[in-house]
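Worksheet for the structure shown next.
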Amino acid sequence: MNMIKNVVSDSTPWVLGSLDEGWECIAFTFQEQLPIELNEAEMNTLLEASDKAAQTAYKRMDLSHLHKWTMNTDSEVQFIIRECNLQENDFLIDFGCGSGRHSIKLAQNGINVTAVDYIDTNIIAANKAKLAYGCNNVNFSKRNIG
């Protein structure tokens with residue numbers, strides 16, 4: 001029960017723990033149980049509750065520039081540019097952009113980026129970073145993408 005309280009609490013920072021790099025996801029694991037049929041209303045209720053838990057958790061993530069997960073941003077962006085064959089002045093949409101670290105680096109490489117996230121604090125942080133780095137070819141906005 002404490003784990004559930006910690007996931008949905010706005011007051012406790014979520015510092016992501018000691019997950020190995022590359023395992024950057026949230027997973028809910030349940031004991032084996034028999035499948036049940038859900039009607040559309042029940043499914044929507046379940047999805048809304050799951051979305052609320054995910055929003056609360058993501059809003060509390062601490063991904064400052066010193067966090068282990070952010071240390072490879074440059075190489076991750078170079079990988080994206082290479083594998084997507086991006087050229088200067090190309091356009092890219094970054095869904096779930098978080099605080100914008102990849103979007104800003106892509107913009108610094110001449111890519112035009114439209115970046116969206118559904119967490120207010122992420123967009124505020126991304127716009128502050130955009131100003132700090134002077135990137136005019138990246139635009140951040142809050143949108144519900146689901």
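Going by the structure tokens order, chains are called A, B, ..., each with residues numbered from 1, while ligands are numbered from 1 in the order shown.
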Check which residues of segment 56-108 of chain A sit at most 10 Å from segment 114-126 of chain A using only C-alpha atoms, and return one row each with the closest pair of atoms and their distance in Å to one decimal, ordered by chain and rising number, as a tab-separated table.
```
residue	atom	partner	partner_atom	distance
A:Thr56	CA	A:Ile119	CA	8.9
A:Tyr58	CA	A:Ile119	CA	7.6
A:Lys59	CA	A:Ile119	CA	6.1
A:Arg60	CA	A:Thr121	CA	9.1
A:Met61	CA	A:Asn122	CA	9.6
A:Phe91	CA	A:Thr114	CA	7.8
A:Leu92	CA	A:Thr114	CA	6.4
A:Ile93	CA	A:Thr114	CA	4.8
A:Asp94	CA	A:Ala115	CA	4.6
A:Phe95	CA	A:Val116	CA	5.3
A:Gly96	CA	A:Asp117	CA	4.6
A:Cys97	CA	A:Asp117	CA	5.5
A:Gly98	CA	A:Asn122	CA	5.1
A:Ser99	CA	A:Ala126	CA	4.5
A:Gly100	CA	A:Ala126	CA	4.8
A:Arg101	CA	A:Ala126	CA	7.6
A:His102	CA	A:Ala115	CA	9.7
A:Ser103	CA	A:Ala115	CA	6.8
A:Ile104	CA	A:Ala126	CA	8.4
A:Ala107	CA	A:Thr114	CA	9.7
```
Mind checking which residues fall within 12 Å of Ile81 of chain A, counting only C-alpha atoms, ignoring those fewer than 2 positions away in the same chain, and posting them as a PDB file with N, CA and C atoms, in the first residue's frame?
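Contents of the output file out04.pdb:
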```pdb
ATOM      1  N   ASP A  74      23.647  13.903 -25.578  1.00  0.00           N
ATOM      2  CA  ASP A  74      24.323  14.223 -26.843  1.00  0.00           C
ATOM      3  C   ASP A  74      24.406  13.007 -27.760  1.00  0.00           C
ATOM      4  N   SER A  75      24.836  11.874 -27.231  1.00  0.00           N
ATOM      5  CA  SER A  75      24.970  10.683 -28.079  1.00  0.00           C
ATOM      6  C   SER A  75      23.595  10.153 -28.505  1.00  0.00           C
ATOM      7  N   GLU A  76      22.586  10.297 -27.636  1.00  0.00           N
ATOM      8  CA  GLU A  76      21.232   9.877 -28.008  1.00  0.00           C
ATOM      9  C   GLU A  76      20.707  10.720 -29.169  1.00  0.00           C
ATOM     10  N   VAL A  77      20.952  12.026 -29.118  1.00  0.00           N
ATOM     11  CA  VAL A  77      20.504  12.911 -30.195  1.00  0.00           C
ATOM     12  C   VAL A  77      21.252  12.592 -31.485  1.00  0.00           C
ATOM     13  N   GLN A  78      22.545  12.338 -31.399  1.00  0.00           N
ATOM     14  CA  GLN A  78      23.299  11.983 -32.610  1.00  0.00           C
ATOM     15  C   GLN A  78      22.778  10.679 -33.206  1.00  0.00           C
ATOM     16  N   PHE A  79      22.393   9.740 -32.353  1.00  0.00           N
ATOM     17  CA  PHE A  79      21.800   8.485 -32.813  1.00  0.00           C
ATOM     18  C   PHE A  79      20.491   8.756 -33.555  1.00  0.00           C
ATOM     19  N   GLU A  83      20.057   7.766 -37.381  1.00  0.00           N
ATOM     20  CA  GLU A  83      19.129   6.684 -37.737  1.00  0.00           C
ATOM     21  C   GLU A  83      17.878   7.179 -38.460  1.00  0.00           C
ATOM     22  N   CYS A  84      17.489   8.417 -38.220  1.00  0.00           N
ATOM     23  CA  CYS A  84      16.319   8.989 -38.903  1.00  0.00           C
ATOM     24  C   CYS A  84      16.726   9.792 -40.133  1.00  0.00           C
ATOM     25  N   ASN A  85      18.038   9.813 -40.393  1.00  0.00           N
ATOM     26  CA  ASN A  85      18.577  10.532 -41.542  1.00  0.00           C
ATOM     27  C   ASN A  85      18.086  11.978 -41.574  1.00  0.00           C
ATOM     28  N   LEU A  86      18.159  12.636 -40.427  1.00  0.00           N
ATOM     29  CA  LEU A  86      17.703  14.017 -40.328  1.00  0.00           C
ATOM     30  C   LEU A  86      18.763  14.961 -40.881  1.00  0.00           C
ATOM     31  N   GLN A  87      18.303  15.974 -41.584  1.00  0.00           N
ATOM     32  CA  GLN A  87      19.174  16.991 -42.165  1.00  0.00           C
ATOM     33  C   GLN A  87      18.789  18.344 -41.577  1.00  0.00           C
ATOM     34  N   GLU A  88      19.695  19.289 -41.643  1.00  0.00           N
ATOM     35  CA  GLU A  88      19.399  20.636 -41.182  1.00  0.00           C
ATOM     36  C   GLU A  88      18.137  21.147 -41.870  1.00  0.00           C
ATOM     37  N   ASP A  90      15.143  20.068 -41.373  1.00  0.00           N
ATOM     38  CA  ASP A  90      14.064  19.086 -41.332  1.00  0.00           C
ATOM     39  C   ASP A  90      13.152  19.398 -40.149  1.00  0.00           C
ATOM     40  N   PHE A  91      11.968  18.800 -40.154  1.00  0.00           N
ATOM     41  CA  PHE A  91      10.992  19.003 -39.092  1.00  0.00           C
ATOM     42  C   PHE A  91      10.800  17.710 -38.313  1.00  0.00           C
ATOM     43  N   LEU A  92      10.621  17.835 -37.000  1.00  0.00           N
ATOM     44  CA  LEU A  92      10.458  16.682 -36.131  1.00  0.00           C
ATOM     45  C   LEU A  92       9.445  17.017 -35.042  1.00  0.00           C
ATOM     46  N   HIS A 102      16.185  16.551 -25.273  1.00  0.00           N
ATOM     47  CA  HIS A 102      16.448  16.058 -26.626  1.00  0.00           C
ATOM     48  C   HIS A 102      16.011  17.090 -27.677  1.00  0.00           C
ATOM     49  N   SER A 103      14.863  17.707 -27.468  1.00  0.00           N
ATOM     50  CA  SER A 103      14.355  18.691 -28.427  1.00  0.00           C
ATOM     51  C   SER A 103      15.320  19.851 -28.596  1.00  0.00           C
ATOM     52  N   LYS A 105      18.608  19.900 -27.990  1.00  0.00           N
ATOM     53  CA  LYS A 105      19.827  19.440 -28.676  1.00  0.00           C
ATOM     54  C   LYS A 105      19.563  19.234 -30.170  1.00  0.00           C
ATOM     55  N   LEU A 106      18.387  18.714 -30.512  1.00  0.00           N
ATOM     56  CA  LEU A 106      18.034  18.563 -31.924  1.00  0.00           C
ATOM     57  C   LEU A 106      17.958  19.936 -32.592  1.00  0.00           C
ATOM     58  N   ALA A 107      17.358  20.905 -31.911  1.00  0.00           N
ATOM     59  CA  ALA A 107      17.264  22.261 -32.453  1.00  0.00           C
ATOM     60  C   ALA A 107      18.652  22.870 -32.631  1.00  0.00           C
ATOM     61  N   GLN A 108      19.551  22.605 -31.687  1.00  0.00           N
ATOM     62  CA  GLN A 108      20.918  23.112 -31.818  1.00  0.00           C
ATOM     63  C   GLN A 108      21.637  22.498 -33.016  1.00  0.00           C
ATOM     64  N   ASN A 109      21.148  21.368 -33.486  1.00  0.00           N
ATOM     65  CA  ASN A 109      21.701  20.726 -34.681  1.00  0.00           C
ATOM     66  C   ASN A 109      20.953  21.133 -35.949  1.00  0.00           C
ATOM     67  N   GLY A 110      20.118  22.171 -35.857  1.00  0.00           N
ATOM     68  CA  GLY A 110      19.454  22.718 -37.029  1.00  0.00           C
ATOM     69  C   GLY A 110      18.123  22.089 -37.380  1.00  0.00           C
ATOM     70  N   ILE A 111      17.616  21.199 -36.514  1.00  0.00           N
ATOM     71  CA  ILE A 111      16.324  20.562 -36.763  1.00  0.00           C
ATOM     72  C   ILE A 111      15.227  21.463 -36.207  1.00  0.00           C
TER      73      ILE A 111
END
```
Between atom CA of Val138 of chain A and atom CA of Asn72 of chain A, distance in Å (one decimal): 20.3 Å
All strand (DSSP E or B) residues (DSSP, backbone) inside segment 38-142 of chain A, as a PyMOL selection string: chain A and resi 61+91-95+112-117+138-142
Atoms to include: C-alpha atoms. Write the selected residues as a short mmCIF file (atom, residue, chain, number, x, y, z; two decimals), in the first residue's frame.
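Output saved as part26.cif:
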```cif
data_model
loop_
_atom_site.label_atom_id
_atom_site.label_comp_id
_atom_site.auth_asym_id
_atom_site.auth_seq_id
_atom_site.Cartn_x
_atom_site.Cartn_y
_atom_site.Cartn_z
CA MET A 61 10.45 12.97 -11.86
CA PHE A 91 10.99 19.00 -39.09
CA LEU A 92 10.46 16.68 -36.13
CA ILE A 93 7.70 16.22 -33.55
CA ASP A 94 8.75 15.13 -30.07
CA PHE A 95 5.79 13.58 -28.23
CA ASN A 112 12.96 22.37 -36.46
CA VAL A 113 11.20 20.78 -33.49
CA THR A 114 7.62 20.88 -32.28
CA ALA A 115 7.61 19.35 -28.81
CA VAL A 116 4.61 18.47 -26.66
CA ASP A 117 4.08 17.07 -23.20
CA VAL A 138 11.93 24.59 -31.11
CA ASN A 139 8.40 25.19 -29.81
CA PHE A 140 7.08 23.61 -26.64
CA SER A 141 3.40 23.28 -25.79
CA LYS A 142 1.20 21.42 -23.35
#
```
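Atom CA of Ala53 of chain A is found 23.6 Å from atom CA of Lys68 of chain A.
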